[in-house]
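Colleague: For reference, the file data_7.txt (compact mmCIF, C-alpha atoms) is included below:
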```
# COMPACT_ATOMS: atom_id res chain seq x y z
CA MET A 34 -66.87 32.38 15.83
CA GLU A 35 -65.78 33.37 19.33
CA ARG A 36 -62.03 33.79 19.57
CA SER A 37 -60.00 33.66 22.74
CA ARG A 38 -57.76 36.58 23.63
CA ALA A 39 -54.63 34.43 23.49
CA ASP A 40 -55.57 33.26 20.03
CA ALA A 41 -56.23 36.82 18.87
CA TYR A 42 -52.93 37.93 20.35
CA GLU A 43 -51.10 35.26 18.42
CA PHE A 44 -52.92 36.18 15.23
CA LEU A 45 -52.04 39.85 15.58
CA THR A 46 -48.39 38.98 16.21
CA ILE A 47 -48.24 37.08 12.94
CA ALA A 48 -50.05 39.91 11.13
CA LEU A 49 -47.50 42.41 12.45
CA GLU A 50 -44.61 40.21 11.41
CA MET A 51 -46.09 39.97 7.95
CA GLY A 52 -46.48 43.76 7.86
CA GLU A 53 -42.86 44.21 8.89
CA SER A 54 -41.65 41.79 6.22
CA LEU A 55 -43.78 43.51 3.57
CA MET A 56 -42.25 46.84 4.49
CA ALA A 57 -38.73 45.39 4.29
CA CYS A 58 -39.42 43.99 0.80
CA GLY A 59 -40.37 47.41 -0.53
CA ALA A 60 -44.16 47.52 -0.10
CA GLU A 61 -45.97 50.85 0.03
CA VAL A 62 -47.28 52.10 3.37
CA ASN A 63 -50.91 51.81 2.38
CA ARG A 64 -50.42 48.23 1.21
CA VAL A 65 -49.13 47.27 4.66
CA GLU A 66 -52.03 49.05 6.36
CA ASP A 67 -54.51 47.47 3.98
CA THR A 68 -53.09 43.96 4.41
CA ILE A 69 -53.17 44.03 8.22
CA SER A 70 -56.62 45.55 8.27
CA ARG A 71 -58.12 43.04 5.82
CA MET A 72 -56.58 40.15 7.69
CA GLY A 73 -58.05 41.47 10.92
CA PHE A 74 -61.55 41.66 9.48
CA ALA A 75 -61.15 38.20 7.98
CA TYR A 76 -60.12 36.96 11.42
CA GLY A 77 -63.34 38.30 12.87
CA ALA A 78 -62.50 41.70 14.30
CA ILE A 79 -65.31 44.24 14.36
CA GLU A 80 -62.93 47.18 14.09
CA MET A 81 -59.34 47.53 12.91
CA ASN A 82 -57.24 50.63 13.46
CA VAL A 83 -53.91 50.30 11.71
CA PHE A 84 -51.31 53.03 11.58
CA VAL A 85 -48.13 52.39 9.65
CA ILE A 86 -45.15 54.60 9.04
CA THR A 87 -41.87 53.44 7.54
CA THR A 88 -40.37 52.75 10.96
CA SER A 89 -43.29 51.50 13.03
CA ILE A 90 -46.65 49.74 13.00
CA VAL A 91 -49.43 50.36 15.52
CA VAL A 92 -52.56 48.20 15.46
CA THR A 93 -55.64 48.15 17.63
CA MET A 94 -57.95 45.24 16.92
CA GLU A 95 -61.41 45.27 18.46
CA LEU A 96 -62.74 41.73 18.84
CA SER A 97 -66.05 42.60 20.40
CA GLU A 98 -67.53 45.56 22.25
CA GLY A 99 -64.95 46.72 24.78
CA ASN A 100 -62.53 43.89 24.06
CA SER A 101 -59.55 45.10 22.10
CA ILE A 102 -55.86 44.36 21.66
CA THR A 103 -53.18 46.89 20.78
CA LEU A 104 -49.76 45.90 19.55
CA THR A 105 -46.87 48.04 18.38
CA ARG A 106 -43.94 47.00 16.29
CA ARG A 107 -40.80 49.03 15.69
CA ILE A 108 -39.49 48.30 12.20
CA THR A 109 -35.72 48.06 12.11
CA ALA A 110 -35.21 45.65 9.23
CA PRO A 111 -33.33 47.48 6.47
CA LEU A 112 -35.05 47.93 3.13
CA SER A 113 -34.01 45.19 0.74
CA THR A 114 -36.33 45.28 -2.23
CA ASP A 115 -37.56 41.78 -3.00
CA PHE A 116 -40.68 41.71 -5.11
CA ARG A 117 -40.88 37.94 -5.20
CA LYS A 118 -41.10 37.79 -1.43
CA LEU A 119 -43.58 40.66 -1.52
CA ALA A 120 -45.84 38.73 -3.87
CA ARG A 121 -45.54 35.58 -1.76
CA ILE A 122 -46.49 37.30 1.49
CA ASN A 123 -49.33 38.98 -0.37
CA ASN A 124 -50.56 35.55 -1.46
CA VAL A 125 -50.42 34.26 2.09
CA SER A 126 -52.60 37.14 3.26
CA ARG A 127 -55.03 36.66 0.37
CA HIS A 128 -55.30 33.00 1.21
CA PHE A 129 -55.97 33.82 4.85
CA CYS A 130 -58.61 36.40 3.98
CA ARG A 131 -60.37 33.98 1.66
CA ASP A 132 -60.30 30.78 3.68
CA ASN A 133 -59.66 32.00 7.24
CA THR A 134 -56.95 29.37 7.62
CA PRO A 135 -56.00 28.17 11.13
CA LEU A 136 -53.17 30.12 12.73
CA ASP A 137 -50.62 27.32 12.68
CA ILE A 138 -51.10 26.98 8.93
CA LEU A 139 -50.90 30.75 8.50
CA ARG A 140 -47.65 30.75 10.46
CA GLU A 141 -46.28 27.87 8.38
CA GLU A 142 -47.20 29.53 5.07
CA TYR A 143 -45.65 32.79 6.22
CA GLU A 144 -42.37 31.14 7.23
CA LYS A 145 -42.29 29.46 3.84
CA ALA A 146 -42.89 32.80 2.12
CA ILE A 147 -39.96 34.59 3.77
CA ARG A 148 -37.34 32.05 2.77
CA PRO A 149 -34.61 33.50 0.53
CA THR A 150 -35.89 33.79 -3.01
CA THR A 151 -33.04 33.85 -5.52
CA LYS A 152 -29.38 33.13 -5.89
CA PRO A 153 -27.12 36.16 -5.36
CA ILE A 154 -25.61 35.74 -8.82
CA ARG A 155 -28.81 37.01 -10.43
CA MET A 156 -28.60 40.19 -8.38
CA TYR A 157 -25.00 40.73 -9.43
CA ILE A 158 -25.96 40.28 -13.07
CA GLY A 159 -28.91 42.62 -12.63
CA SER A 160 -26.76 45.24 -10.98
CA ALA A 161 -24.10 45.11 -13.71
CA LEU A 162 -26.73 45.17 -16.44
CA ALA A 163 -28.60 48.12 -14.93
CA ALA A 164 -25.48 50.24 -14.36
CA GLY A 165 -24.05 49.46 -17.79
CA ALA A 166 -27.31 50.02 -19.65
CA PHE A 167 -28.02 53.34 -17.95
CA ALA A 168 -24.50 54.63 -18.57
CA VAL A 169 -25.13 54.11 -22.30
CA PHE A 170 -28.76 55.23 -22.02
CA PHE A 171 -27.68 58.64 -20.74
CA GLY A 172 -25.24 59.10 -23.62
CA GLY A 173 -22.14 57.11 -22.73
CA ASN A 174 -20.16 54.91 -25.13
CA VAL A 175 -19.59 51.17 -24.89
CA PHE A 176 -16.52 51.51 -22.66
CA ASP A 177 -18.43 53.74 -20.25
CA GLY A 178 -21.07 51.03 -20.10
CA ILE A 179 -18.54 48.28 -19.38
CA ILE A 180 -16.77 50.23 -16.64
CA ALA A 181 -20.09 51.23 -15.08
CA ALA A 182 -21.12 47.56 -15.14
CA ILE A 183 -17.94 46.49 -13.34
CA PHE A 184 -18.55 49.04 -10.60
CA GLY A 185 -22.20 47.96 -10.60
CA VAL A 186 -21.06 44.54 -9.42
CA LEU A 187 -19.04 46.19 -6.66
CA ILE A 188 -22.06 48.25 -5.57
CA CYS A 189 -24.14 45.10 -5.38
CA TYR A 190 -21.45 43.47 -3.25
CA PHE A 191 -21.40 46.47 -0.91
CA GLN A 192 -25.17 46.49 -0.64
CA ARG A 193 -25.28 42.82 0.24
CA GLU A 194 -22.25 42.51 2.50
CA LEU A 195 -21.46 45.97 3.81
CA SER A 196 -24.82 47.61 4.41
CA PRO A 197 -25.90 45.15 7.16
CA LEU A 198 -22.68 46.01 9.04
CA ALA A 199 -22.97 49.80 8.78
CA PRO A 200 -24.45 51.59 11.79
CA ASN A 201 -26.92 53.53 9.63
CA PRO A 202 -27.74 54.18 5.97
CA ILE A 203 -26.04 57.58 5.95
CA VAL A 204 -22.64 56.31 7.01
CA TYR A 205 -23.01 53.39 4.64
CA ASN A 206 -23.90 55.67 1.71
CA ILE A 207 -20.97 58.02 2.36
CA VAL A 208 -18.49 55.14 2.58
CA SER A 209 -19.76 53.16 -0.38
CA SER A 210 -20.14 56.15 -2.70
CA PHE A 211 -16.67 57.35 -1.68
CA VAL A 212 -15.08 54.01 -2.56
CA ILE A 213 -17.06 53.69 -5.80
CA GLY A 214 -16.34 57.32 -6.67
CA LEU A 215 -12.64 56.79 -6.09
CA GLY A 216 -12.64 53.78 -8.40
CA VAL A 217 -14.62 55.53 -11.12
CA CYS A 218 -12.49 58.69 -10.99
CA LEU A 219 -9.27 56.68 -11.22
CA ALA A 220 -10.65 54.66 -14.13
CA ALA A 221 -11.73 57.82 -15.95
CA ARG A 222 -8.38 59.44 -15.27
CA PHE A 223 -6.19 56.67 -16.60
CA ILE A 224 -8.27 55.00 -19.28
CA PRO A 225 -8.48 57.21 -22.37
CA GLY A 226 -11.79 57.86 -24.09
CA VAL A 227 -14.15 57.25 -21.20
CA ASN A 228 -16.54 59.82 -19.75
CA LEU A 229 -16.48 60.26 -16.00
CA ASP A 230 -19.99 61.71 -15.83
CA LYS A 231 -21.67 58.91 -17.79
CA ILE A 232 -20.07 56.15 -15.70
CA MET A 233 -21.03 57.99 -12.52
CA ILE A 234 -24.63 58.37 -13.72
CA GLY A 235 -24.90 54.66 -14.53
CA ASP A 236 -23.69 53.76 -11.06
CA ILE A 237 -25.71 56.49 -9.38
CA MET A 238 -28.88 54.91 -10.78
CA LEU A 239 -28.11 51.95 -8.49
CA LEU A 240 -27.26 54.08 -5.50
CA ILE A 241 -29.86 56.86 -5.51
CA PRO A 242 -33.02 56.14 -3.66
CA GLY A 243 -35.01 57.15 -6.74
CA VAL A 244 -37.68 54.58 -6.07
CA ALA A 245 -37.90 55.55 -2.41
CA MET A 246 -38.12 59.21 -3.39
CA THR A 247 -40.94 58.53 -5.84
CA ASN A 248 -42.70 56.38 -3.23
CA ALA A 249 -42.36 59.21 -0.74
CA ILE A 250 -44.03 61.78 -2.99
CA ARG A 251 -46.69 59.23 -3.82
CA ASP A 252 -47.31 58.52 -0.13
CA ILE A 253 -47.90 62.22 0.40
CA LEU A 254 -50.21 62.50 -2.60
CA VAL A 255 -52.37 59.59 -1.44
CA GLY A 256 -52.63 60.98 2.08
CA ASP A 257 -49.91 59.19 4.07
CA THR A 258 -48.29 62.51 4.83
CA VAL A 259 -46.30 61.44 7.89
CA SER A 260 -44.52 58.49 6.30
CA GLY A 261 -44.10 60.40 3.04
CA THR A 262 -42.35 63.31 4.73
CA MET A 263 -40.20 60.96 6.78
CA ARG A 264 -39.12 59.13 3.69
CA ILE A 265 -38.42 62.34 1.78
CA VAL A 266 -36.16 63.58 4.56
CA GLU A 267 -34.45 60.17 4.62
CA THR A 268 -33.92 60.05 0.88
CA VAL A 269 -32.65 63.62 0.68
CA MET A 270 -30.13 62.80 3.40
CA TRP A 271 -29.08 59.64 1.58
CA ALA A 272 -28.70 61.55 -1.67
CA GLY A 273 -26.63 64.13 0.22
CA ALA A 274 -24.46 61.38 1.69
CA ILE A 275 -23.91 59.89 -1.77
CA ALA A 276 -23.03 63.32 -3.15
CA ALA A 277 -20.61 63.91 -0.28
CA GLY A 278 -18.90 60.56 -0.90
CA PHE A 279 -18.50 61.24 -4.60
CA ILE A 280 -17.29 64.80 -4.03
CA MET A 281 -14.56 63.64 -1.65
CA ALA A 282 -13.42 61.05 -4.18
CA TYR A 283 -13.47 63.64 -6.95
CA TRP A 284 -11.38 66.10 -4.99
CA ILE A 285 -8.79 63.49 -4.10
CA VAL A 286 -8.29 62.29 -7.67
CA TRP A 287 -8.56 65.63 -9.51
CA MET B 227 -32.90 57.67 -35.24
CA THR B 228 -30.10 55.32 -34.15
CA GLU B 229 -29.88 57.35 -30.98
CA ILE B 230 -33.54 56.75 -30.25
CA ILE B 231 -33.17 53.02 -30.84
CA ILE B 232 -30.11 52.83 -28.59
CA GLN B 233 -31.97 54.71 -25.87
CA ILE B 234 -34.99 52.44 -26.05
CA VAL B 235 -32.90 49.26 -26.06
CA MET B 236 -30.85 50.51 -23.12
CA ALA B 237 -34.00 51.52 -21.24
CA ALA B 238 -35.24 47.96 -21.74
CA LEU B 239 -31.95 46.45 -20.53
CA GLY B 240 -31.87 48.82 -17.57
CA SER B 241 -35.38 47.75 -16.59
CA LEU B 242 -34.35 44.12 -16.94
CA GLY B 243 -31.34 44.79 -14.70
CA PHE B 244 -33.51 46.32 -12.01
CA ALA B 245 -36.07 43.53 -12.38
CA LEU B 246 -33.27 41.04 -11.64
CA LEU B 247 -32.03 43.15 -8.77
CA TYR B 248 -35.53 43.35 -7.27
CA ARG B 249 -35.86 39.57 -7.65
CA LEU B 250 -38.85 39.35 -9.95
CA ARG B 251 -39.95 35.87 -10.90
CA PRO B 252 -38.26 34.72 -14.14
CA GLU B 253 -41.55 34.57 -16.05
CA HIS B 254 -42.19 38.24 -15.30
CA LEU B 255 -38.82 39.47 -16.57
CA PRO B 256 -39.89 39.88 -20.23
CA LEU B 257 -42.89 41.98 -19.13
CA ALA B 258 -40.66 44.26 -17.05
CA THR B 259 -38.20 44.63 -19.94
CA LEU B 260 -41.02 45.51 -22.32
CA GLY B 261 -42.44 47.96 -19.78
CA GLY B 262 -39.16 49.89 -19.62
CA ALA B 263 -38.85 50.06 -23.41
CA VAL B 264 -42.43 51.19 -23.95
CA ALA B 265 -42.23 53.73 -21.11
CA TRP B 266 -39.24 55.42 -22.70
CA GLY B 267 -40.75 55.09 -26.19
CA ILE B 268 -43.93 56.84 -25.08
CA TYR B 269 -41.91 59.50 -23.32
CA LEU B 270 -39.88 60.25 -26.46
CA LEU B 271 -42.99 60.24 -28.65
CA CYS B 272 -44.87 62.63 -26.37
CA LEU B 273 -41.81 64.83 -26.05
CA LYS B 274 -41.65 65.14 -29.81
CA TYR B 275 -45.24 66.38 -30.08
CA THR B 276 -45.69 68.33 -26.86
CA GLU B 277 -42.09 69.47 -26.21
CA ASN B 278 -43.06 69.38 -22.56
CA ILE B 279 -40.92 67.19 -20.29
CA PHE B 280 -43.35 67.15 -17.40
CA ALA B 281 -46.37 66.18 -19.51
CA SER B 282 -44.41 63.52 -21.40
CA ALA B 283 -43.08 61.90 -18.23
CA LEU B 284 -46.57 62.05 -16.75
CA ILE B 285 -48.13 60.30 -19.74
CA ALA B 286 -45.40 57.64 -19.78
CA THR B 287 -45.95 57.02 -16.07
CA VAL B 288 -49.71 56.75 -16.52
CA PHE B 289 -49.08 54.10 -19.14
CA CYS B 290 -46.70 52.18 -16.83
CA THR B 291 -49.16 52.27 -13.97
CA LEU B 292 -52.07 51.05 -16.11
CA TYR B 293 -49.84 48.32 -17.50
CA ALA B 294 -48.81 47.24 -14.00
CA GLU B 295 -52.37 47.35 -12.64
CA LEU B 296 -53.72 45.24 -15.51
CA PHE B 297 -50.91 42.77 -14.94
CA ALA B 298 -51.68 42.72 -11.23
CA LYS B 299 -55.36 42.01 -11.88
CA ALA B 300 -54.52 39.16 -14.26
CA GLN B 301 -51.77 37.60 -12.14
CA LYS B 302 -53.12 38.41 -8.67
CA THR B 303 -49.82 39.89 -7.56
CA PRO B 304 -49.07 43.41 -6.28
CA ALA B 305 -48.86 46.04 -9.02
CA THR B 306 -45.58 47.41 -7.64
CA VAL B 307 -43.80 44.30 -8.91
CA LEU B 308 -44.10 45.47 -12.50
CA LEU B 309 -44.56 49.19 -11.92
CA ILE B 310 -41.18 49.98 -10.38
CA PRO B 311 -38.97 48.23 -12.98
CA SER B 312 -41.00 49.75 -15.85
CA VAL B 313 -40.81 53.28 -14.51
CA ILE B 314 -37.05 53.10 -13.81
CA PRO B 315 -35.92 54.76 -17.11
CA LEU B 316 -37.90 57.85 -16.12
CA ILE B 317 -36.05 58.20 -12.80
CA PRO B 318 -33.87 61.31 -13.29
CA GLY B 319 -30.46 59.84 -12.45
CA SER B 320 -28.52 62.05 -14.83
CA ALA B 321 -30.33 65.24 -13.84
CA LEU B 322 -29.57 64.49 -10.21
CA TYR B 323 -25.91 63.89 -11.01
CA TYR B 324 -25.56 67.17 -12.92
CA THR B 325 -27.30 68.99 -10.07
CA MET B 326 -24.68 67.60 -7.72
CA SER B 327 -21.74 68.33 -10.00
CA GLY B 328 -23.06 71.86 -10.58
CA LEU B 329 -23.10 72.43 -6.84
CA VAL B 330 -19.60 71.04 -6.42
CA GLN B 331 -18.16 73.20 -9.19
CA ARG B 332 -20.03 76.25 -7.85
CA ASN B 333 -21.93 76.45 -11.12
CA LEU B 334 -25.22 77.38 -9.50
CA GLU B 335 -26.94 78.13 -12.79
CA GLN B 336 -26.32 74.57 -13.96
CA ALA B 337 -27.28 73.15 -10.57
CA TRP B 338 -30.57 75.05 -10.53
CA PHE B 339 -31.41 74.04 -14.10
CA TYR B 340 -30.91 70.34 -13.37
CA ALA B 341 -32.52 70.54 -9.94
CA ARG B 342 -35.69 71.78 -11.63
CA LEU B 343 -35.46 68.96 -14.14
CA THR B 344 -35.06 66.40 -11.35
CA ILE B 345 -38.09 67.76 -9.51
CA GLN B 346 -40.16 67.80 -12.69
CA PHE B 347 -39.49 64.11 -13.33
CA ALA B 348 -40.03 63.06 -9.73
CA LEU B 349 -43.32 64.98 -9.53
CA ALA B 350 -44.51 63.70 -12.92
CA ILE B 351 -43.89 60.09 -11.88
CA ALA B 352 -45.56 60.47 -8.51
CA ILE B 353 -48.57 62.34 -9.90
CA GLY B 354 -48.95 59.87 -12.76
CA ILE B 355 -49.05 56.92 -10.38
CA SER B 356 -51.44 58.61 -7.97
CA LEU B 357 -53.80 59.62 -10.79
CA VAL B 358 -54.17 56.08 -12.05
CA TRP B 359 -54.45 54.68 -8.54
CA THR B 360 -57.28 57.05 -7.70
CA PHE B 361 -59.32 56.16 -10.78
CA TRP B 362 -58.50 52.51 -10.33
CA ALA B 363 -59.71 52.61 -6.75
CA ILE B 364 -62.96 54.29 -7.79
CA LEU B 365 -63.52 51.70 -10.51
CA PHE B 366 -62.57 48.46 -8.78
CA GLN B 367 -61.90 48.77 -5.09
CA ARG B 368 -65.39 49.35 -3.75
CA LYS B 369 -66.75 45.85 -4.10
CA ASP B 370 -63.98 44.07 -2.25
CA GLN B 371 -63.71 46.45 0.67
CA PRO B 372 -64.10 44.59 3.96
CA GLN B 373 -67.44 45.03 5.75
CA ASP B 374 -68.84 48.51 6.20
CA ASN B 375 -65.60 50.27 5.45
```
Spit out the file's structure as structure tokens when you get a sec.

Modeller:
Amino acid sequence: MERSRADAYEFLTIALEMGESLMACGAEVNRVEDTISRMGFAYGAIEMNVFVITTSIVVTMELSEGNSITLTRRITAPLSTDFRKLARINNVSRHFCRDNTPLDILREEYEKAIRPTTKPIRMYIGSALAAGAFAVFFGGNVFDGIIAAIFGVLICYFQRELSPLAPNPIVYNIVSSFVIGLGVCLAARFIPGVNLDKIMIGDIMLLIPGVAMTNAIRDILVGDTVSGTMRIVETVMWAGAIAAGFIMAYWIVW
Amino acid sequence: MTEIIIQIVMAALGSLGFALLYRLRPEHLPLATLGGAVAWGIYLLCLKYTENIFASALIATVFCTLYAELFAKAQKTPATVLLIPSVIPLIPGSALYYTMSGLVQRNLEQAWFYARLTIQFALAIAIGISLVWTFWAILFQRKDQPQDN
């Protein structure tokens, strides 16, 4: 099928938007590259060159000999892991690759896929549960678990309401871990029988970019060295910011 | 023994918490919870026989990745959806914390000990995932690659 340039341009714009959304939901770099490239071939491109790093996407799509389009997208959307959205966008791309759906339908399906997925209350419950369970998991008692869970709710609130306002993740991590650290230290100081370290660990599980760090090493091992190194540097700086926030809180209280 | 049971139950609840946080679909929550419990169970079992943290974490991760990939094949969803919540109990949160607190208290010996532990876990998880992915790609990917790629 012969495609017009305008049509191809529109297609590639949607593909890039889908790539950006995938990245923001917590997809791996090679999944984003793979998705855009498969969609391009399904569309009818003879050659797809896709380069993705965590902050940008570059695509050159060759429609026919000597007729190619290049688009670049800077990714600024903050990472907000949402696996339901990830699976939905993935389904949209599968559907497109299988049936080569018209672009207006692709656009419609994509807009439907990126609608908000769950009620916030589930995330608050998840956050409390995770922090509480890991405080006990790493050797804390029941009270440690309960206090960690309470601060888990606060962390979730910060992540939802505060992180979009912060100028960058480092500032946000310093501020939020300082406030959380202050709360945890005060609780451990004045409530008898609770362990500061266990509560901290439970809450740190929510804050540390453990998943991002693992993803980063994995990116490097599968050959996406550039994005892997970028992400490692990012995560080490975030971890440092979290440590700095906690240390300040610790020094103030003790 | 009670300690082991508490750990496994808490690993399961922790995985469930993260599954909620990462907005998994409700019907996938039990699978994620089970994944976390089994991951930690396998880790403890391997640790008992090998006494090697790195190898045990690696084996547990390999299990999680296979579990997630099989699920992905059956459900036609990305494997990450189940992989990340299941692998969460292996993420070295406490080791990282004690590294930090060692540094703050100028106890460099402690910091170095836990830093090594943190790196061991992180490497074991990453290598475990990559190993399975590579074999999985060799086994299944070839036939659905687009065109002459």

Colleague: Which residues of chain A sit at most 6 Å from chain B, using only C-alpha atoms? Give each one's shortest atom pair and distance in Å (one decimal place), in chain and ascending residue order, as a Markdown table.

Modeller:
```
| residue | atom | partner | partner_atom | distance |
| --- | --- | --- | --- | --- |
| A:Thr114 | CA | B:Tyr248 | CA | 5.5 |
| A:Asp115 | CA | B:Tyr248 | CA | 5.0 |
| A:Phe116 | CA | B:Val307 | CA | 5.6 |
| A:Arg117 | CA | B:Leu250 | CA | 5.4 |
| A:Ala120 | CA | B:Thr303 | CA | 5.5 |
| A:Met156 | CA | B:Leu247 | CA | 4.5 |
| A:Gly159 | CA | B:Gly243 | CA | 3.9 |
| A:Ser160 | CA | B:Gly243 | CA | 5.9 |
| A:Leu162 | CA | B:Gly243 | CA | 4.9 |
| A:Ala163 | CA | B:Gly240 | CA | 4.3 |
| A:Ala166 | CA | B:Met236 | CA | 5.0 |
| A:Phe167 | CA | B:Gly240 | CA | 5.9 |
| A:Phe170 | CA | B:Gln233 | CA | 5.0 |
| A:Ile234 | CA | B:Ser320 | CA | 5.5 |
| A:Met238 | CA | B:Gly319 | CA | 5.4 |
| A:Thr247 | CA | B:Ala352 | CA | 5.7 |
| A:Ile250 | CA | B:Ala352 | CA | 5.9 |
| A:Arg251 | CA | B:Ala352 | CA | 5.0 |
```

Colleague: Can you work out the spacing between atom CA of Ile183 of chain A and atom CA of Ala164 of chain A in Å, to one decimal?

Modeller: 8.5 Å

Colleague: Skip Ala265 of chain B itself and residues of its chain fewer than 6 positions away, then list as a PyMOL selection string all residues within 7 Å of it, counting all atoms listed in the file.

Modeller: chain B and resi 286+290+312-313

Colleague: Within 9 Å of Glu95 of chain A, counting only C-alpha atoms, which residues show up once you throw out same-chain ones fewer than 2 positions away? Write them as a PyMOL selection string, please.

Modeller: chain A and resi 78-82+93+97-103

Colleague: Which one of A:Leu96, A:Leu104, A:Val244, A:Val286 sits closest to Gly59 of chain A if you count all atoms listed in the file?

Modeller: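 With all atoms listed in the file as the atom set, the closest residue is A:Val244.
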
Colleague: Take the point (-54.9, 36.5, 2.6) in the file's coordinates, draw a sphere of radius 12 Å around it, and report as a ChimeraX atom specification every protein, DNA or RNA residue with an atom inside or on it, counting only C-alpha atoms.

Modeller: /A:48,51,67-76,120-135,139,142-143 /B:302-303

Colleague: Which neighbours of Ala41 of chain A fall inside 9 Å, counting all atoms listed in the file, when residues of the same chain fewer than 3 positions from it are skipped, and could you give them as a ChimeraX atom specification?

Modeller: /A:36-38,44-46,76,94,96,102

Colleague: Using only C-alpha atoms, can you tell me which of A:Met246, A:Ile108, A:Leu195, A:Ala60 comes closest to Thr344 of chain B?

Modeller: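 Selected residue with least distance to Thr344 of chain B: A:Met246.
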
Colleague: Distance atom CA of Phe171 of chain A-atom CA of Ile237 of chain A, one decimal place?

Modeller: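 So the two atoms, atom CA of Phe171 of chain A and atom CA of Ile237 of chain A, lie 11.7 Å apart.
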
Colleague: Just want the 10 Å neighbourhood of Glu267 of chain A, counted on only C-alpha atoms, with same-chain residues fewer than 3 positions away dropped. Output as a PyMOL selection string.

Modeller: chain A and resi 202-203+242+245-246+249+261-264+270-273

Colleague: Quick one: pull the distance between atom CA of Tyr340 of chain B and atom CA of Phe280 of chain B, Å, one decimal.

Modeller: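 Computing it gives 13.5 Å between the two atoms.
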
Colleague: Return the single residue from A:Gly214, A:Pro197, A:Pro111, A:Gly256 that is closest to Ala277 of chain A, with distances computed using all atoms listed in the file.

Modeller: A:Gly214

Colleague: Would you compute the box with edges along x, y and z of the file around segment 74-81 of chain A, including every atom the file lists for it and 3 Å extra on each side, and give its centre and edge lengths in Å to one decimal, as JSON?

Modeller:
```
{"center_x": -62.3, "center_y": 42.2, "center_z": 11.2, "size_x": 12.0, "size_y": 16.6, "size_z": 12.4}
```

Colleague: I need every residue sitting at most 9 Å from the point (-48.3, 61.7, -20.4) (coordinates as in the file, only C-alpha atoms considered), written as a PDB file with C-alpha atoms, in the coordinates of the input.

Modeller:
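Once everything was written out, this is result.pdb:
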```
ATOM      1  CA  ILE B 268     -43.930  56.840 -25.080  1.00  0.00           C
ATOM      2  CA  TYR B 269     -41.910  59.500 -23.320  1.00  0.00           C
ATOM      3  CA  CYS B 272     -44.870  62.630 -26.370  1.00  0.00           C
ATOM      4  CA  PHE B 280     -43.350  67.150 -17.400  1.00  0.00           C
ATOM      5  CA  ALA B 281     -46.370  66.180 -19.510  1.00  0.00           C
ATOM      6  CA  SER B 282     -44.410  63.520 -21.400  1.00  0.00           C
ATOM      7  CA  ALA B 283     -43.080  61.900 -18.230  1.00  0.00           C
ATOM      8  CA  LEU B 284     -46.570  62.050 -16.750  1.00  0.00           C
ATOM      9  CA  ILE B 285     -48.130  60.300 -19.740  1.00  0.00           C
ATOM     10  CA  ALA B 286     -45.400  57.640 -19.780  1.00  0.00           C
ATOM     11  CA  THR B 287     -45.950  57.020 -16.070  1.00  0.00           C
ATOM     12  CA  VAL B 288     -49.710  56.750 -16.520  1.00  0.00           C
ATOM     13  CA  PHE B 289     -49.080  54.100 -19.140  1.00  0.00           C
ATOM     14  CA  ALA B 350     -44.510  63.700 -12.920  1.00  0.00           C
ATOM     15  CA  GLY B 354     -48.950  59.870 -12.760  1.00  0.00           C
TER      16      GLY B 354
END
```

Colleague: Nearest to Glu61 of chain A among A:Val91, A:Val255, A:Leu187, A:Ile179, with distances taken over all atoms listed in the file: which residue is it?

Modeller: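 Among A:Val91, A:Val255, A:Leu187, A:Ile179, it is A:Val255 that comes nearest to Glu61 of chain A.
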
Colleague: Go through A:Ala168, A:Ile285, A:Asp177, A:Cys189 one by one, measure the shortest atom-to-atom distance of each to Ile154 of chain A using all atoms listed in the file, and give the residue with the smallest value.

Modeller: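 When distances to Ile154 of chain A are compared using all atoms listed in the file, the smallest one comes from A:Cys189.
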
Colleague: When you count only C-alpha atoms, which of these residues is closest to Asn174 of chain A: A:Ile158, A:Leu112, A:Leu229, A:Ile275?

Modeller: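 Among the listed residues, the smallest separation from Asn174 of chain A belongs to A:Leu229.
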
Colleague: Please produce segment 287-293 of chain B, completed to N, CA and C atoms, as an mmCIF file, in the frame of the given file.

Modeller:
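That gives us part.cif:
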```
data_model
loop_
_atom_site.group_PDB
_atom_site.id
_atom_site.type_symbol
_atom_site.label_atom_id
_atom_site.label_comp_id
_atom_site.auth_asym_id
_atom_site.auth_seq_id
_atom_site.Cartn_x
_atom_site.Cartn_y
_atom_site.Cartn_z
ATOM 1 N N THR B 287 -45.691 57.651 -17.366
ATOM 2 C CA THR B 287 -45.950 57.020 -16.070
ATOM 3 C C THR B 287 -47.363 56.457 -16.000
ATOM 4 N N VAL B 288 -48.323 57.228 -16.517
ATOM 5 C CA VAL B 288 -49.710 56.750 -16.520
ATOM 6 C C VAL B 288 -49.787 55.429 -17.268
ATOM 7 N N PHE B 289 -49.092 55.362 -18.404
ATOM 8 C CA PHE B 289 -49.080 54.100 -19.140
ATOM 9 C C PHE B 289 -48.522 52.966 -18.273
ATOM 10 N N CYS B 290 -47.350 53.212 -17.655
ATOM 11 C CA CYS B 290 -46.700 52.180 -16.830
ATOM 12 C C CYS B 290 -47.635 51.690 -15.735
ATOM 13 N N THR B 291 -48.309 52.637 -15.093
ATOM 14 C CA THR B 291 -49.160 52.270 -13.970
ATOM 15 C C THR B 291 -50.340 51.429 -14.440
ATOM 16 N N LEU B 292 -50.956 51.837 -15.571
ATOM 17 C CA LEU B 292 -52.070 51.050 -16.110
ATOM 18 C C LEU B 292 -51.603 49.637 -16.464
ATOM 19 N N TYR B 293 -50.448 49.590 -17.108
ATOM 20 C CA TYR B 293 -49.840 48.320 -17.500
ATOM 21 C C TYR B 293 -49.647 47.424 -16.272
#
```
